[in-house]
Structures are given as C-alpha cells and as structure tokens.
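S.K.: Below you'll find the structure I mean.
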Amino acid sequence: MYNVLAISCHPDDMEISCGGTLLRCKKRGDNVTVCHVANGNMGHVVIEAEELRRIRIAEAKKAGDMVGFKTVTCDIGDLLVNSADKEQHDKLVKIIREADPDFIITHAENDYMGDHVEVSKLVFKASFAASCPHYEPQLGPACKVTPIYYMDNASLIDSVPTEYVDITDELETKLQMLACHESQVDWLLQHDNNDILESTRIFAQLRGIQCRVKYAEGFRVLNTDQRPITKRMLP
C-alpha cells in the first residue's frame with residue numbers, strides 16, 4: 001500500500017490526465033490525496049470569480065468523495081501561480097508533508113499554460129524542501145524525497161510517455177468524475193471548442209492503442225538524482 005499524492009493545477013486536471021490511474025491506486029489499497037493548486041476562479045464566461053471559486057472547489061470535492069479520494073486545495077487564484085512565491089511554496093510543502101507520499105503525480109514542465117508550468121516547478125522545489133528537517137519545521141515533520149511522475153500534457157502535445165497504466169476498467173468512472181465539473185464542461189466547450197468528455201475518452205483510447213489495451217494513461221518519470229527507484233510504483 002502506498003501514499004499517493006496527485007498535485008494538479010486546476011480542479012478537473014486530475015480527472016482528465018490521471019484519474020484512471022488514481023482509481024487503480026485506490027483499488028489496490030493506496031491512500032490517494034488530490035491537491036489542486038489553483039482554485040479555477042477564471043474558468044468561465046459568465047460566472048464571476050468568487051462564485052466560481054466556490055463552485056469549483058465544491059465540484060472537486062464531489063468528484064473526490066465519489067471515489068474516496070482526499071481532496072485539498074492551495075486556493076490560489078488562476079493566472080497567479082508562481083513557483084518563486086514563498087507563501088505558495090510553503091503551502092505545498094505543508095500538503096506534501098501531511099500526505100507523506102511514496103510518489104507524486106503532477107504536470108510536466110512543458111505543458112500548455114503558465115499555471116501548469118508553475119505547478120510543475122512548485123512540485124519539484126517543494127517536494128525536495130519537504131524532505132529537509134530544518135526547513136520550516138512548523139509545517140510538519142520532514143518526509144522522504146519522492147519519485148515524480150509527469151502526467152500527459154493537455155491534448156497530449158509534446159508528451160512522450162515512458163510508462164503506461166491500463167485504465168480500461170476505470171474509464172467510465174473517470175468520466176463520471178470529470179462530469180462532476182459541470183462548470184468546466186460548459187466553459188471548455190465555449191472557450192476552447194473542446195467537448196472535454198469526448199476528447200478525454202479519445203486520448204485514453206490513443207494511449208491504449210500505444211500499449212495494446214483499450215484505454216490507458218501515459219506518464220513520464222522525472223529522471224534526476226534521488227528520484228528514480230528500482231521498482232514500479234504506478235499500478
């Protein structure tokens with residue numbers, strides 16, 4: 001049994017890119033924590049920021065509660081995520097120490113928007129800082145340096161997996177979780193001309209074709225000193 005921490009930028013990013021894998025983790029008995037760094041308050045055409053913030057935090061909790069994930073948020077406004085900001089960094093250090101993860105899943109450093117890229121940088125920095133006992137000890141006891149798996153970029157662009165997870169049996173639940181984010185199903189269709197439920201199924205099918213299953217999710221391992229380990233941790 002592992003402690004698994006998924007750190008995504010916005011509510012719904014987790015469901016899109018690694019929801020099936022986290023469901024597999026839960027099935028094998030892992031403790032799954034999902035952290036949203038940004039609160040999603042800019043993700044709509046009509047709904048104002050503060051109202052949308054409340055809606056999106058509630059949508060994320062609904063999706064997590066459906067399958068038994070613990071859901072937390074750093075509650076940072078959209079377009080304001082900044083890996084150089086100590087307050088944001090320390091919020092994440094605290095969450096990482098509380099989760100005490102065996103591995104972390106997050107965005108790659110070359111994803112499509114600044115908030116995603118800053119989250120990737122924050123996770124890289126904060127996950128190491130969390131292992132240093134003398135760094136801000138009031139944020140909780142130090143934990144180990146953890147492996148990091150980068151989930152696929154949006155639309156799979158410039159994203160080449162080194163590991164795959166078969167999510168064939170989890171695909172429909174993954175989509176049910178994604179559908180909990182009703183505000184985003186609407187917004188993404190209007191803003192990006194993207195039927196997110198349909199495209200998420202298509203991308204899972206494409207990854208499945210690549211690894212000879214029906215549906216899959218892809219990941220790239222962060223390959224730096226102290227991060228790789230000798231056993232597979234993804235389910």
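In the structure tokens, chains take letters A, B, ... by order of appearance, with residues numbered from 1 within each chain and ligands from 1 in the order shown.
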Show me, as a ChimeraX atom specification, the residues that have an atom within 9 Å of stretch 78-92 of chain A when counting only C-alpha atoms, minus same-chain residues fewer than 2 positions from it.
M.R.: /A:9-10,35,37-43,74,76,94-97,114-123,125-127,129-130,136,139
S.K.: Give me, as a list in words, the residues of stretch 64-221 of chain A that a backbone DSSP run labels strand (DSSP E or B).
M.R.: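 Going through stretch 64-221 of chain A, the strand (DSSP E or B) residues come out as Lys70, Thr71, Val72, Thr73, Cys74, Asp75, Ile76, Phe103, Ile104, Ile105, Thr106, Ile148, Tyr149, Tyr150, Met151, Glu163, Tyr164, Val165, Asp166, Ala216, Glu217, Gly218, Phe219, Arg220 and Val221 of chain A.
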S.K.: Residues near A:Met1, anyone? I mean within 9 Å using only C-alpha atoms, not counting same-chain ones fewer than 3 positions away, as JSON, numbers by chain.
M.R.: {"A": [25, 28, 29, 30, 31]}
S.K.: When distances are computed from only C-alpha atoms, which of A:Pro137, A:Gly20, A:Pro147, A:Pro235 shows the smallest separation from A:Asp102?
M.R.: A:Pro147
S.K.: I want to know what sits within 10 Å of A:Val45, based on only C-alpha atoms, with residues of the same chain fewer than 5 positions away left out; could you give that as a list of chain:residue names?
M.R.: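 Using only C-alpha atoms, the neighbours found are A:Ser183, A:Asp186, A:Trp187, A:Leu188, A:Gln190, A:His191.
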S.K.: Please, what distance in Å, to one decimal, runs between atom CA of A:Asp152 and atom CA of A:Glu98?
M.R.: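 Rounded to one decimal, the two atoms are 25.8 Å apart.
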